[in-house]
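**Q** Below is structure-v7.cif; it holds mmCIF, C-alpha atoms.
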```cif
data_model
#
loop_
_atom_site.label_atom_id
_atom_site.label_comp_id
_atom_site.auth_asym_id
_atom_site.auth_seq_id
_atom_site.Cartn_x
_atom_site.Cartn_y
_atom_site.Cartn_z
CA MET A 1 0.00 0.00 0.00
CA ASP A 2 1.18 3.53 -0.82
CA ILE A 3 0.50 4.96 2.65
CA GLU A 4 0.94 8.58 1.62
CA ALA A 5 -1.50 8.27 -1.28
CA TYR A 6 -3.97 6.38 0.92
CA MET A 7 -3.91 9.03 3.65
CA ARG A 8 -4.26 11.86 1.13
CA THR A 9 -7.30 10.09 -0.32
CA LEU A 10 -8.83 9.82 3.15
CA GLY A 11 -8.04 13.49 3.72
CA GLN A 12 -9.66 14.65 0.47
CA GLN A 13 -12.75 12.53 1.12
CA ALA A 14 -13.01 13.91 4.65
CA ARG A 15 -12.66 17.49 3.41
CA ASP A 16 -15.44 16.95 0.86
CA ALA A 17 -17.67 15.31 3.48
CA SER A 18 -17.03 18.12 5.97
CA ARG A 19 -18.73 20.60 3.65
CA GLN A 20 -21.88 18.50 3.64
CA LEU A 21 -21.78 17.94 7.39
CA ALA A 22 -21.40 21.66 8.08
CA ALA A 23 -24.66 22.23 6.22
CA ALA A 24 -26.51 19.26 7.74
CA SER A 25 -29.49 19.96 9.98
CA THR A 26 -29.60 18.97 13.63
CA GLU A 27 -32.38 16.51 12.78
CA THR A 28 -30.23 14.79 10.16
CA LYS A 29 -27.22 14.50 12.45
CA ASN A 30 -29.36 13.14 15.27
CA ALA A 31 -30.97 10.63 12.91
CA ALA A 32 -27.50 9.37 12.00
CA LEU A 33 -26.50 9.05 15.65
CA LEU A 34 -29.62 7.06 16.50
CA ALA A 35 -29.16 4.85 13.44
CA ILE A 36 -25.58 4.10 14.48
CA ALA A 37 -26.76 3.23 18.00
CA SER A 38 -29.31 0.84 16.53
CA ARG A 39 -26.63 -0.81 14.35
CA LEU A 40 -24.33 -1.32 17.33
CA ARG A 41 -27.08 -3.18 19.16
CA SER A 42 -28.16 -5.28 16.18
CA HIS A 43 -24.54 -6.17 15.29
CA GLN A 44 -23.55 -7.12 18.83
CA SER A 45 -22.42 -10.64 17.92
CA ALA A 46 -20.22 -9.38 15.07
CA LEU A 47 -18.63 -6.77 17.36
CA LEU A 48 -17.90 -9.35 20.06
CA LYS A 49 -16.43 -11.73 17.48
CA ALA A 50 -14.14 -8.99 16.15
CA ASN A 51 -13.13 -8.07 19.69
CA ALA A 52 -12.34 -11.72 20.45
CA ALA A 53 -9.93 -11.76 17.49
CA ASP A 54 -8.22 -8.64 18.83
CA LEU A 55 -7.99 -10.12 22.34
CA ALA A 56 -6.51 -13.38 21.06
CA GLN A 57 -3.80 -11.46 19.20
CA ALA A 58 -3.17 -9.22 22.21
CA ARG A 59 -2.60 -12.23 24.46
CA ALA A 60 -0.34 -13.83 21.87
CA ASP A 61 1.66 -10.60 21.72
CA GLY A 62 2.04 -10.59 25.52
CA LEU A 63 0.18 -7.35 26.20
CA GLU A 64 -0.11 -6.25 29.82
CA PRO A 65 -3.31 -7.19 31.68
CA ALA A 66 -4.24 -3.51 32.03
CA MET A 67 -4.08 -3.05 28.26
CA ILE A 68 -6.14 -6.19 27.68
CA ASP A 69 -8.71 -4.90 30.15
CA ARG A 70 -9.02 -1.62 28.22
CA LEU A 71 -9.27 -3.55 24.98
CA THR A 72 -12.05 -5.87 26.14
CA LEU A 73 -15.56 -5.14 24.85
CA SER A 74 -18.56 -6.74 26.55
CA GLU A 75 -22.29 -6.77 25.86
CA ALA A 76 -22.64 -4.10 28.55
CA GLY A 77 -19.89 -2.10 26.85
CA ILE A 78 -21.71 -2.20 23.53
CA GLU A 79 -24.92 -1.07 25.19
CA SER A 80 -22.99 1.74 26.88
CA MET A 81 -21.65 2.86 23.49
CA ALA A 82 -25.17 2.87 22.04
CA GLN A 83 -26.53 4.84 24.98
CA GLY A 84 -23.65 7.30 24.64
CA LEU A 85 -24.68 7.98 21.04
CA GLU A 86 -28.27 8.54 22.13
CA GLN A 87 -27.13 10.92 24.87
CA ILE A 88 -25.11 12.96 22.39
CA ALA A 89 -28.12 13.08 20.06
CA ALA A 90 -30.12 14.58 22.94
CA LEU A 91 -27.58 17.36 23.55
CA PRO A 92 -28.13 20.85 22.12
CA ASP A 93 -26.47 21.39 18.75
CA PRO A 94 -23.85 24.14 19.06
CA VAL A 95 -23.54 24.68 15.30
CA GLY A 96 -25.20 27.85 14.04
CA GLU A 97 -25.63 29.41 17.49
CA ILE A 98 -25.49 33.22 17.21
CA THR A 99 -24.31 35.24 20.21
CA ASP A 100 -23.11 38.68 21.27
CA VAL A 101 -25.01 40.61 18.61
CA LYS A 102 -24.52 44.36 19.13
CA ARG A 103 -25.55 47.38 17.04
CA ARG A 104 -22.69 49.66 16.07
CA PRO A 105 -22.89 53.44 15.56
CA SER A 106 -22.70 52.83 11.79
CA GLY A 107 -26.00 50.95 11.93
CA ILE A 108 -24.60 47.46 11.32
CA GLN A 109 -25.14 44.65 13.83
CA VAL A 110 -22.08 42.57 14.68
CA GLY A 111 -22.10 39.17 16.37
CA LYS A 112 -20.59 35.68 16.36
CA MET A 113 -21.77 32.36 14.92
CA ARG A 114 -20.53 28.97 16.11
CA VAL A 115 -19.25 26.76 13.28
CA PRO A 116 -17.50 23.36 12.94
CA LEU A 117 -13.72 23.17 12.84
CA GLY A 118 -13.87 21.05 9.66
CA VAL A 119 -11.86 17.80 9.65
CA ILE A 120 -10.64 16.30 12.93
CA GLY A 121 -8.00 13.59 13.07
CA ILE A 122 -8.11 11.46 16.23
CA ILE A 123 -5.28 9.11 17.17
CA TYR A 124 -5.88 6.76 20.09
CA GLU A 125 -4.83 3.50 21.67
CA ALA A 126 -6.57 0.30 22.70
CA ARG A 127 -10.08 1.35 23.78
CA PRO A 128 -12.57 0.42 21.00
CA ASN A 129 -15.33 2.54 22.59
CA VAL A 130 -13.35 5.65 21.58
CA THR A 131 -14.23 4.89 17.96
CA ALA A 132 -17.94 5.32 18.65
CA ASP A 133 -17.52 8.24 21.08
CA ALA A 134 -15.23 10.19 18.76
CA ALA A 135 -17.42 9.55 15.73
CA ALA A 136 -20.50 10.74 17.61
CA LEU A 137 -18.94 13.94 18.97
CA CYS A 138 -17.45 14.90 15.61
CA LEU A 139 -20.72 14.15 13.81
CA LYS A 140 -22.92 16.15 16.20
CA SER A 141 -20.55 19.13 16.04
CA GLY A 142 -20.63 19.05 12.22
CA ASN A 143 -17.06 17.82 11.69
CA ALA A 144 -15.74 15.04 9.49
CA ALA A 145 -13.43 12.63 11.32
CA ILE A 146 -10.44 10.48 10.43
CA LEU A 147 -9.92 7.95 13.24
CA ARG A 148 -6.70 6.03 13.70
CA GLY A 149 -7.04 3.50 16.51
CA GLY A 150 -4.32 1.31 17.94
CA LYS A 151 -3.35 -1.87 16.12
CA GLU A 152 -4.53 -3.81 19.19
CA ALA A 153 -8.18 -3.00 18.34
CA LEU A 154 -8.00 -3.16 14.54
CA HIS A 155 -10.75 -5.76 14.00
CA CYS A 156 -13.15 -4.26 16.52
CA ASN A 157 -12.58 -0.71 15.29
CA GLN A 158 -13.37 -1.78 11.74
CA ALA A 159 -16.54 -3.56 12.89
CA ILE A 160 -17.67 -0.41 14.73
CA ALA A 161 -16.76 1.66 11.67
CA ALA A 162 -19.08 -0.47 9.54
CA CYS A 163 -21.96 0.35 11.90
CA VAL A 164 -21.07 4.04 11.69
CA ARG A 165 -21.01 3.98 7.88
CA ASP A 166 -24.38 2.27 7.70
CA GLY A 167 -25.92 4.79 10.09
CA LEU A 168 -24.54 7.74 8.14
CA LEU A 169 -25.87 6.42 4.86
CA GLU A 170 -29.28 5.70 6.36
CA ALA A 171 -29.52 9.35 7.43
CA GLY A 172 -28.44 10.58 3.99
CA LEU A 173 -24.98 11.70 5.06
CA PRO A 174 -21.73 10.75 3.27
CA ALA A 175 -20.00 7.61 4.52
CA ALA A 176 -16.70 9.51 4.40
CA ALA A 177 -17.92 11.75 7.22
CA VAL A 178 -16.27 9.23 9.57
CA GLN A 179 -13.36 7.17 8.25
CA VAL A 180 -11.32 4.67 10.25
CA VAL A 181 -7.77 4.11 9.01
CA ASP A 182 -7.52 0.44 8.10
CA THR A 183 -3.74 0.03 8.23
CA THR A 184 -1.55 -0.50 11.29
CA ASP A 185 1.48 1.03 9.54
CA ARG A 186 2.88 3.74 11.84
CA ALA A 187 3.60 5.86 8.79
CA ALA A 188 -0.14 6.53 8.53
CA VAL A 189 0.04 8.66 11.69
CA GLY A 190 3.01 10.59 10.33
CA HIS A 191 1.08 11.48 7.18
CA LEU A 192 -2.17 12.27 9.00
CA ILE A 193 -0.52 14.87 11.24
CA THR A 194 1.20 16.59 8.32
CA LEU A 195 -1.81 17.21 6.04
CA PRO A 196 -2.90 20.78 6.91
CA GLU A 197 -4.67 21.10 3.56
CA PHE A 198 -7.10 18.37 4.61
CA VAL A 199 -6.99 18.15 8.42
CA ASP A 200 -7.85 21.11 10.69
CA VAL A 201 -6.96 19.70 14.10
CA ILE A 202 -5.45 16.55 15.64
CA VAL A 203 -6.61 15.04 18.95
CA PRO A 204 -4.23 12.41 20.38
CA ARG A 205 -5.54 10.10 23.10
CA GLY A 206 -2.94 7.77 24.52
CA GLY A 207 0.31 7.53 26.40
CA LYS A 208 2.78 10.32 26.94
CA GLY A 209 5.13 8.96 24.28
CA LEU A 210 2.43 9.08 21.59
CA ILE A 211 1.36 12.62 22.51
CA GLU A 212 4.95 13.90 22.67
CA ARG A 213 5.63 12.48 19.20
CA ILE A 214 2.52 14.03 17.71
CA SER A 215 3.16 17.40 19.37
CA ARG A 216 6.72 17.38 18.04
CA GLU A 217 5.98 16.32 14.46
CA ALA A 218 2.51 17.71 13.69
CA ARG A 219 1.98 20.45 11.12
CA VAL A 220 -1.67 20.61 12.17
CA PRO A 221 -2.90 22.21 15.44
CA VAL A 222 -3.07 19.67 18.30
CA ILE A 223 -5.56 19.54 21.21
CA LYS A 224 -3.71 17.65 23.92
CA HIS A 225 -2.41 17.17 27.42
CA LEU A 226 0.80 15.35 28.28
CA ASP A 227 0.53 14.73 32.02
CA GLY A 228 -2.06 14.73 34.76
CA ASN A 229 -0.14 15.82 37.86
CA CYS A 230 -3.18 17.03 39.81
CA HIS A 231 -3.00 18.55 43.30
CA VAL A 232 -5.22 18.69 46.35
CA TYR A 233 -4.31 21.49 48.77
CA VAL A 234 -5.65 21.21 52.33
CA HIS A 235 -5.81 24.81 53.53
CA ALA A 236 -5.52 26.01 57.12
CA ALA A 237 -9.31 26.58 57.15
CA ALA A 238 -10.16 23.13 55.80
CA ASP A 239 -13.04 21.07 57.17
CA ALA A 240 -11.38 17.85 58.34
CA ASP A 241 -14.17 15.53 57.18
CA LYS A 242 -14.26 17.15 53.76
CA ALA A 243 -10.49 16.86 53.50
CA ASP A 244 -10.67 13.14 54.34
CA ALA A 245 -13.28 12.43 51.68
CA ILE A 246 -11.80 14.63 48.96
CA VAL A 247 -8.20 13.44 49.32
CA GLU A 248 -9.21 9.77 49.48
CA ASN A 249 -11.52 10.00 46.46
CA SER A 250 -9.15 12.15 44.40
CA LYS A 251 -6.36 9.62 44.86
CA THR A 252 -7.98 6.20 45.21
CA GLN A 253 -11.26 6.18 43.26
CA ARG A 254 -9.18 5.22 40.20
CA TYR A 255 -5.42 5.24 39.87
CA GLY A 256 -4.92 5.21 36.10
CA THR A 257 -6.76 8.37 35.05
CA CYS A 258 -5.41 11.80 34.19
CA ASN A 259 -7.64 13.51 36.80
CA THR A 260 -6.39 11.39 39.70
CA ALA A 261 -4.57 13.42 42.36
CA GLU A 262 -0.83 12.71 42.38
CA SER A 263 0.20 15.41 44.88
CA LEU A 264 -1.13 16.42 48.30
CA LEU A 265 -0.21 19.79 49.79
CA ILE A 266 -1.14 20.50 53.39
CA ASP A 267 -0.91 23.77 55.27
CA ARG A 268 1.64 23.76 58.08
CA ALA A 269 -1.00 25.24 60.41
CA VAL A 270 -3.05 22.03 60.31
CA ALA A 271 -0.51 19.43 59.20
CA ALA A 272 0.11 17.93 62.65
CA GLU A 273 -3.63 17.54 63.20
CA LEU A 274 -4.88 16.44 59.77
CA LEU A 275 -1.99 14.69 58.03
CA PRO A 276 -2.10 11.56 60.27
CA ARG A 277 -5.84 11.20 59.46
CA LEU A 278 -5.19 11.57 55.74
CA GLY A 279 -2.20 9.24 55.92
CA ARG A 280 -4.28 6.51 57.60
CA LYS A 281 -6.98 6.81 54.91
CA LEU A 282 -4.45 6.49 52.11
CA ALA A 283 -2.34 3.78 53.76
CA ALA A 284 -5.47 1.70 54.32
CA LYS A 285 -5.93 1.71 50.52
CA GLY A 286 -2.33 0.63 49.97
CA VAL A 287 -1.08 4.02 48.76
CA GLU A 288 2.65 4.66 49.05
CA LEU A 289 3.33 8.02 50.74
CA ARG A 290 6.32 9.95 49.40
CA GLY A 291 6.82 12.94 51.64
CA CYS A 292 8.96 15.99 52.25
CA PRO A 293 11.00 15.88 55.52
CA ASP A 294 8.28 17.70 57.48
CA SER A 295 5.46 15.46 56.29
CA LEU A 296 7.50 12.29 56.89
CA ALA A 297 8.27 13.38 60.44
CA ILE A 298 4.56 13.84 61.16
CA LEU A 299 3.58 10.55 59.52
CA GLU A 300 6.34 8.56 61.22
CA ALA A 301 5.34 9.97 64.62
CA ALA A 302 1.74 8.89 63.98
CA LYS A 303 2.88 5.23 63.68
CA ILE A 304 0.33 4.38 60.98
CA ASP A 305 -0.18 0.64 60.58
CA GLY A 306 0.97 -0.61 57.18
CA ALA A 307 2.15 2.79 56.03
CA ASN A 308 4.70 2.68 53.19
CA LEU A 309 6.67 5.90 53.77
CA ARG A 310 9.44 7.11 51.51
CA PRO A 311 11.25 10.42 51.11
CA ALA A 312 10.19 12.45 48.08
CA ASP A 313 12.78 13.97 45.75
CA GLU A 314 12.51 16.78 43.22
CA ARG A 315 11.13 14.48 40.53
CA ASP A 316 8.16 13.46 42.67
CA TRP A 317 6.68 16.97 42.70
CA ALA A 318 6.07 16.82 38.94
CA GLU A 319 5.34 13.10 38.56
CA GLU A 320 2.20 11.51 37.13
CA TYR A 321 2.29 8.13 38.85
CA LEU A 322 -0.91 6.52 37.53
CA ALA A 323 -0.41 4.18 40.48
CA PRO A 324 -1.12 3.98 44.25
CA ILE A 325 1.57 6.55 45.08
CA ILE A 326 1.15 10.16 46.23
CA ALA A 327 3.65 12.96 46.85
CA ILE A 328 3.04 14.94 50.07
CA LYS A 329 4.43 18.35 50.98
CA VAL A 330 3.84 20.63 53.96
CA VAL A 331 3.56 24.24 52.75
CA ASP A 332 3.63 27.57 54.53
CA GLY A 333 0.23 28.92 53.60
CA LEU A 334 -1.76 29.76 50.50
CA ASP A 335 0.98 31.70 48.68
CA ALA A 336 3.39 28.78 48.97
CA ALA A 337 0.74 26.32 47.78
CA ILE A 338 -0.11 28.40 44.70
CA THR A 339 3.59 28.89 43.90
CA HIS A 340 4.29 25.15 44.19
CA ILE A 341 1.30 24.18 42.03
CA ASN A 342 2.07 26.70 39.30
CA ARG A 343 5.67 25.46 39.18
CA TYR A 344 5.12 21.70 39.19
CA SER A 345 1.57 21.10 37.95
CA SER A 346 0.84 19.82 34.47
CA GLY A 347 -1.96 22.38 34.24
CA HIS A 348 -4.72 19.78 34.40
CA THR A 349 -6.76 19.98 37.66
CA GLU A 350 -6.21 21.34 41.15
CA SER A 351 -8.48 21.48 44.22
CA ILE A 352 -8.43 23.46 47.45
CA VAL A 353 -10.16 22.24 50.62
CA SER A 354 -11.10 25.34 52.60
CA GLU A 355 -13.96 27.05 54.39
CA ASN A 356 -12.32 30.44 53.89
CA TYR A 357 -14.09 32.18 50.98
CA THR A 358 -11.33 34.72 50.33
CA ALA A 359 -8.59 32.09 50.24
CA ALA A 360 -10.63 29.77 48.03
CA MET A 361 -11.39 32.54 45.53
CA ARG A 362 -7.72 33.52 45.38
CA PHE A 363 -6.90 29.88 44.62
CA LEU A 364 -9.46 29.90 41.78
CA ARG A 365 -8.04 33.07 40.29
CA GLU A 366 -4.33 32.47 40.68
CA VAL A 367 -3.84 28.74 40.02
CA ASP A 368 -3.06 28.38 36.31
CA SER A 369 -4.71 25.08 35.39
CA ALA A 370 -7.50 23.98 33.07
CA SER A 371 -9.79 23.00 35.97
CA VAL A 372 -9.62 24.58 39.44
CA MET A 373 -11.96 23.43 42.20
CA ILE A 374 -13.11 24.35 45.70
CA ASN A 375 -14.02 21.51 48.08
CA ALA A 376 -14.42 18.85 45.38
CA SER A 377 -12.56 15.78 44.16
CA THR A 378 -10.26 16.20 41.18
CA ARG A 379 -11.99 13.13 39.71
CA PHE A 380 -14.85 15.42 38.63
CA ALA A 381 -12.64 16.90 35.87
CA ASP A 382 -14.41 15.00 33.14
CA GLY A 383 -16.65 15.89 30.21
CA PHE A 384 -19.60 13.84 31.43
CA GLU A 385 -19.40 15.26 34.95
CA TYR A 386 -19.19 18.79 33.54
CA GLY A 387 -22.42 18.28 31.60
CA LEU A 388 -20.78 17.99 28.18
CA GLY A 389 -22.36 14.58 27.57
CA ALA A 390 -18.99 13.16 26.59
CA GLU A 391 -15.53 14.41 25.77
CA ILE A 392 -13.09 13.99 22.93
CA GLY A 393 -10.22 14.51 25.37
CA ILE A 394 -8.71 16.93 27.89
CA SER A 395 -6.74 19.98 26.82
CA THR A 396 -4.14 21.74 28.96
CA ASP A 397 -3.44 24.24 26.19
CA LYS A 398 -4.60 27.83 26.65
CA ILE A 399 -5.67 28.59 23.09
CA HIS A 400 -9.05 27.49 21.67
CA ALA A 401 -10.10 24.65 24.01
CA ARG A 402 -9.06 24.13 27.63
CA GLY A 403 -10.10 21.34 29.99
CA PRO A 404 -12.60 18.66 28.89
CA VAL A 405 -13.34 19.10 25.18
CA GLY A 406 -16.95 18.39 24.21
CA LEU A 407 -19.16 19.56 21.38
CA GLU A 408 -18.46 23.26 21.85
CA GLY A 409 -14.70 22.58 21.96
CA LEU A 410 -14.96 21.00 18.50
CA THR A 411 -16.34 24.23 17.07
CA SER A 412 -15.05 27.74 16.53
CA GLN A 413 -16.70 31.12 16.10
CA LYS A 414 -16.75 33.44 13.14
CA TRP A 415 -17.81 37.07 13.06
CA ILE A 416 -21.08 37.84 11.34
CA VAL A 417 -22.55 41.20 10.32
CA PHE A 418 -26.18 42.16 9.68
CA GLY A 419 -26.62 45.27 7.58
CA ASN A 420 -29.33 47.23 5.80
CA GLY A 421 -27.41 48.93 3.02
CA GLU A 422 -24.86 50.67 5.27
CA VAL A 423 -21.54 51.74 3.73
CA ARG A 424 -18.42 52.89 5.51
CA ARG A 425 -17.88 56.65 5.48
#
```
In structure tokens, how does this file's structure come out?
**A**
Amino acid sequence: MDIEAYMRTLGQQARDASRQLAAASTETKNAALLAIASRLRSHQSALLKANAADLAQARADGLEPAMIDRLTLSEAGIESMAQGLEQIAALPDPVGEITDVKRRPSGIQVGKMRVPLGVIGIIYEARPNVTADAAALCLKSGNAAILRGGKEALHCNQAIAACVRDGLLEAGLPAAAVQVVDTTDRAAVGHLITLPEFVDVIVPRGGKGLIERISREARVPVIKHLDGNCHVYVHAAADADKADAIVENSKTQRYGTCNTAESLLIDRAVAAELLPRLGRKLAAKGVELRGCPDSLAILEAAKIDGANLRPADERDWAEEYLAPIIAIKVVDGLDAAITHINRYSSGHTESIVSENYTAAMRFLREVDSASVMINASTRFADGFEYGLGAEIGISTDKIHARGPVGLEGLTSQKWIVFGNGEVRR
């Protein structure tokens, strides 16, 4: 296969389809989403068979159990995909929304209209459900999509793609509105991210190595985040029970997600009182505690049963563990906490536990991350929890989209002018 020619063909077809999608009505797009959901349910046995082929190959290749778990598709998983499509169909359509219309002294009215980005390339690993989620979000937001899943899910991704094509055609939309790359050749990614004439934005979903490569080599804008070093700061005015619940949930509800807390900061004013409580909660869940000298002294004096205590070094303050490990530092007040977070954070999500309104509002204003919270678990930094229905990914960039990227994040705005024969004098 001539990979470059193949990818350029996909790109041209996607560009052509994007023009039709941009003009499609909400009713047509929703009809396609519901038709795709119906196909997923009716083709359940074919999807499971394709997934079984992927799983057999994954085991033969010696993939890690965690990767195999992400790759596995069940009947419940298929139903969840179908319901996700139906939920996106029920969301308001952002395309065509007109806002901020103001009359100017000249007589013209100036405003903004929300429009699709055009063609979105999405590169992801392992999880076959991403194929359906990404297709649905791009479709509802009026964008054509080129999807390149991991080789581990090739058969299942193609089976899902067939359901998507059928649903698009049933609704009268072009099949090329969503295309799944059918080669595992790594060169396909290299071509996809260097086709600015056909592709408007790239969204990578995967490990740090994949995202670093795409960020380095892309000639197309990238919506991305590299790390998820999220912080919880327990302020001097924290409610102890809230601190217990928020720290435990932020760290232990799931270990392998980008919105899991990896760092705990605690105010020196309450460290002796609250840190032993927090340490017991975390140690009971098997979390390794890597602390600064002050935090280790407090934890060691508390004699916590089963506690795995280790000294933290400079690398720990910026680390995304994705494991039952947390870095702990005692800080001298709000200023020190904000300074530490803005230096070491990945810009993903941070939370303050405090009953002091002034301190909490300063934290909101001055912490430079995509999501900043007061008295809530970092695990809420998610498109579904934010009311977006679903998300295409998380962005820690500051331009265009920031935080969970849903339908609105897959659109842009253009200026529009309403006139009545006015001319500039």
**Q** Find the residue from A:Leu55, A:Ala176, A:Leu226, A:Leu48 that sits nearest to Asp397 of chain A; use only C-alpha atoms when measuring.
**A** A:Leu226
**Q** When the PyMOL selection byres ((chain A and resi 252) around 12) is applied to the file above, which residues end up in the set, as an NGL selection string?
**A** :A and (244-251 or 253-257 or 259-262 or 281-288 or 322-326 or 377-379)
**Q** Write out, as a short mmCIF file (atom, residue, chain, number, x, y, z; two decimals), in the coordinates of the input, the residues just selected, with C-alpha atoms.
**A**
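Saved result, out-v3.cif, follows:
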```cif
data_model
loop_
_atom_site.label_atom_id
_atom_site.label_comp_id
_atom_site.auth_asym_id
_atom_site.auth_seq_id
_atom_site.Cartn_x
_atom_site.Cartn_y
_atom_site.Cartn_z
CA ASP A 244 -10.67 13.14 54.34
CA ALA A 245 -13.28 12.43 51.68
CA ILE A 246 -11.80 14.63 48.96
CA VAL A 247 -8.20 13.44 49.32
CA GLU A 248 -9.21 9.77 49.48
CA ASN A 249 -11.52 10.00 46.46
CA SER A 250 -9.15 12.15 44.40
CA LYS A 251 -6.36 9.62 44.86
CA GLN A 253 -11.26 6.18 43.26
CA ARG A 254 -9.18 5.22 40.20
CA TYR A 255 -5.42 5.24 39.87
CA GLY A 256 -4.92 5.21 36.10
CA THR A 257 -6.76 8.37 35.05
CA ASN A 259 -7.64 13.51 36.80
CA THR A 260 -6.39 11.39 39.70
CA ALA A 261 -4.57 13.42 42.36
CA GLU A 262 -0.83 12.71 42.38
CA LYS A 281 -6.98 6.81 54.91
CA LEU A 282 -4.45 6.49 52.11
CA ALA A 283 -2.34 3.78 53.76
CA ALA A 284 -5.47 1.70 54.32
CA LYS A 285 -5.93 1.71 50.52
CA GLY A 286 -2.33 0.63 49.97
CA VAL A 287 -1.08 4.02 48.76
CA GLU A 288 2.65 4.66 49.05
CA LEU A 322 -0.91 6.52 37.53
CA ALA A 323 -0.41 4.18 40.48
CA PRO A 324 -1.12 3.98 44.25
CA ILE A 325 1.57 6.55 45.08
CA ILE A 326 1.15 10.16 46.23
CA SER A 377 -12.56 15.78 44.16
CA THR A 378 -10.26 16.20 41.18
CA ARG A 379 -11.99 13.13 39.71
#
```
**Q** Starting from the displayed file, determine the output of the PyMOL selection byres ((chain A and resi 35) around 12) and express the residue list as a PDB file with C-alpha atoms, in the coordinates of the input.
**A**
```
ATOM      1  CA  THR A  28     -30.230  14.790  10.160  1.00  0.00           C
ATOM      2  CA  LYS A  29     -27.220  14.500  12.450  1.00  0.00           C
ATOM      3  CA  ASN A  30     -29.360  13.140  15.270  1.00  0.00           C
ATOM      4  CA  ALA A  31     -30.970  10.630  12.910  1.00  0.00           C
ATOM      5  CA  ALA A  32     -27.500   9.370  12.000  1.00  0.00           C
ATOM      6  CA  LEU A  33     -26.500   9.050  15.650  1.00  0.00           C
ATOM      7  CA  LEU A  34     -29.620   7.060  16.500  1.00  0.00           C
ATOM      8  CA  ILE A  36     -25.580   4.100  14.480  1.00  0.00           C
ATOM      9  CA  ALA A  37     -26.760   3.230  18.000  1.00  0.00           C
ATOM     10  CA  SER A  38     -29.310   0.840  16.530  1.00  0.00           C
ATOM     11  CA  ARG A  39     -26.630  -0.810  14.350  1.00  0.00           C
ATOM     12  CA  LEU A  40     -24.330  -1.320  17.330  1.00  0.00           C
ATOM     13  CA  ARG A  41     -27.080  -3.180  19.160  1.00  0.00           C
ATOM     14  CA  SER A  42     -28.160  -5.280  16.180  1.00  0.00           C
ATOM     15  CA  ALA A  82     -25.170   2.870  22.040  1.00  0.00           C
ATOM     16  CA  GLN A  83     -26.530   4.840  24.980  1.00  0.00           C
ATOM     17  CA  LEU A  85     -24.680   7.980  21.040  1.00  0.00           C
ATOM     18  CA  GLU A  86     -28.270   8.540  22.130  1.00  0.00           C
ATOM     19  CA  ALA A  89     -28.120  13.080  20.060  1.00  0.00           C
ATOM     20  CA  ALA A 136     -20.500  10.740  17.610  1.00  0.00           C
ATOM     21  CA  CYS A 163     -21.960   0.350  11.900  1.00  0.00           C
ATOM     22  CA  VAL A 164     -21.070   4.040  11.690  1.00  0.00           C
ATOM     23  CA  ARG A 165     -21.010   3.980   7.880  1.00  0.00           C
ATOM     24  CA  ASP A 166     -24.380   2.270   7.700  1.00  0.00           C
ATOM     25  CA  GLY A 167     -25.920   4.790  10.090  1.00  0.00           C
ATOM     26  CA  LEU A 168     -24.540   7.740   8.140  1.00  0.00           C
ATOM     27  CA  LEU A 169     -25.870   6.420   4.860  1.00  0.00           C
ATOM     28  CA  GLU A 170     -29.280   5.700   6.360  1.00  0.00           C
ATOM     29  CA  ALA A 171     -29.520   9.350   7.430  1.00  0.00           C
ATOM     30  CA  GLY A 172     -28.440  10.580   3.990  1.00  0.00           C
ATOM     31  CA  LEU A 173     -24.980  11.700   5.060  1.00  0.00           C
TER      32      LEU A 173
END
```
**Q** Can you list, as a list in words, the residues that the PyMOL selection byres ((chain A and resi 179) around 8) selects here?
**A**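 Listing what the PyMOL selection byres ((chain A and resi 179) around 8) selects in the shown file: Leu10, Ala14, Ala145, Ile146, Leu147, Ala161, Ala175, Ala176, Ala177, Val178, Val180 and Val181 of chain A.
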**Q** Can you tell me, as a short mmCIF file (atom, residue, chain, number, x, y, z; two decimals) with C-alpha atoms, in the coordinates of the input, what residues are no more than 12 Å from segment 400-403 of chain A when counting all atoms listed in the file, ignoring any on the same chain fewer than 2 positions away?
**A**
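What ended up in around_38.cif:
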```
data_model
loop_
_atom_site.label_atom_id
_atom_site.label_comp_id
_atom_site.auth_asym_id
_atom_site.auth_seq_id
_atom_site.Cartn_x
_atom_site.Cartn_y
_atom_site.Cartn_z
CA LEU A 117 -13.72 23.17 12.84
CA VAL A 201 -6.96 19.70 14.10
CA VAL A 203 -6.61 15.04 18.95
CA PRO A 221 -2.90 22.21 15.44
CA VAL A 222 -3.07 19.67 18.30
CA ILE A 223 -5.56 19.54 21.21
CA LYS A 224 -3.71 17.65 23.92
CA HIS A 225 -2.41 17.17 27.42
CA GLY A 228 -2.06 14.73 34.76
CA CYS A 258 -5.41 11.80 34.19
CA ASN A 259 -7.64 13.51 36.80
CA SER A 346 0.84 19.82 34.47
CA GLY A 347 -1.96 22.38 34.24
CA HIS A 348 -4.72 19.78 34.40
CA THR A 349 -6.76 19.98 37.66
CA GLU A 350 -6.21 21.34 41.15
CA ASP A 368 -3.06 28.38 36.31
CA SER A 369 -4.71 25.08 35.39
CA ALA A 370 -7.50 23.98 33.07
CA SER A 371 -9.79 23.00 35.97
CA VAL A 372 -9.62 24.58 39.44
CA PHE A 380 -14.85 15.42 38.63
CA ALA A 381 -12.64 16.90 35.87
CA ASP A 382 -14.41 15.00 33.14
CA GLY A 383 -16.65 15.89 30.21
CA TYR A 386 -19.19 18.79 33.54
CA LEU A 388 -20.78 17.99 28.18
CA GLU A 391 -15.53 14.41 25.77
CA ILE A 392 -13.09 13.99 22.93
CA GLY A 393 -10.22 14.51 25.37
CA ILE A 394 -8.71 16.93 27.89
CA SER A 395 -6.74 19.98 26.82
CA THR A 396 -4.14 21.74 28.96
CA ASP A 397 -3.44 24.24 26.19
CA LYS A 398 -4.60 27.83 26.65
CA VAL A 405 -13.34 19.10 25.18
CA GLY A 406 -16.95 18.39 24.21
CA LEU A 407 -19.16 19.56 21.38
CA GLU A 408 -18.46 23.26 21.85
CA GLY A 409 -14.70 22.58 21.96
CA LEU A 410 -14.96 21.00 18.50
CA THR A 411 -16.34 24.23 17.07
CA SER A 412 -15.05 27.74 16.53
CA GLN A 413 -16.70 31.12 16.10
#
```
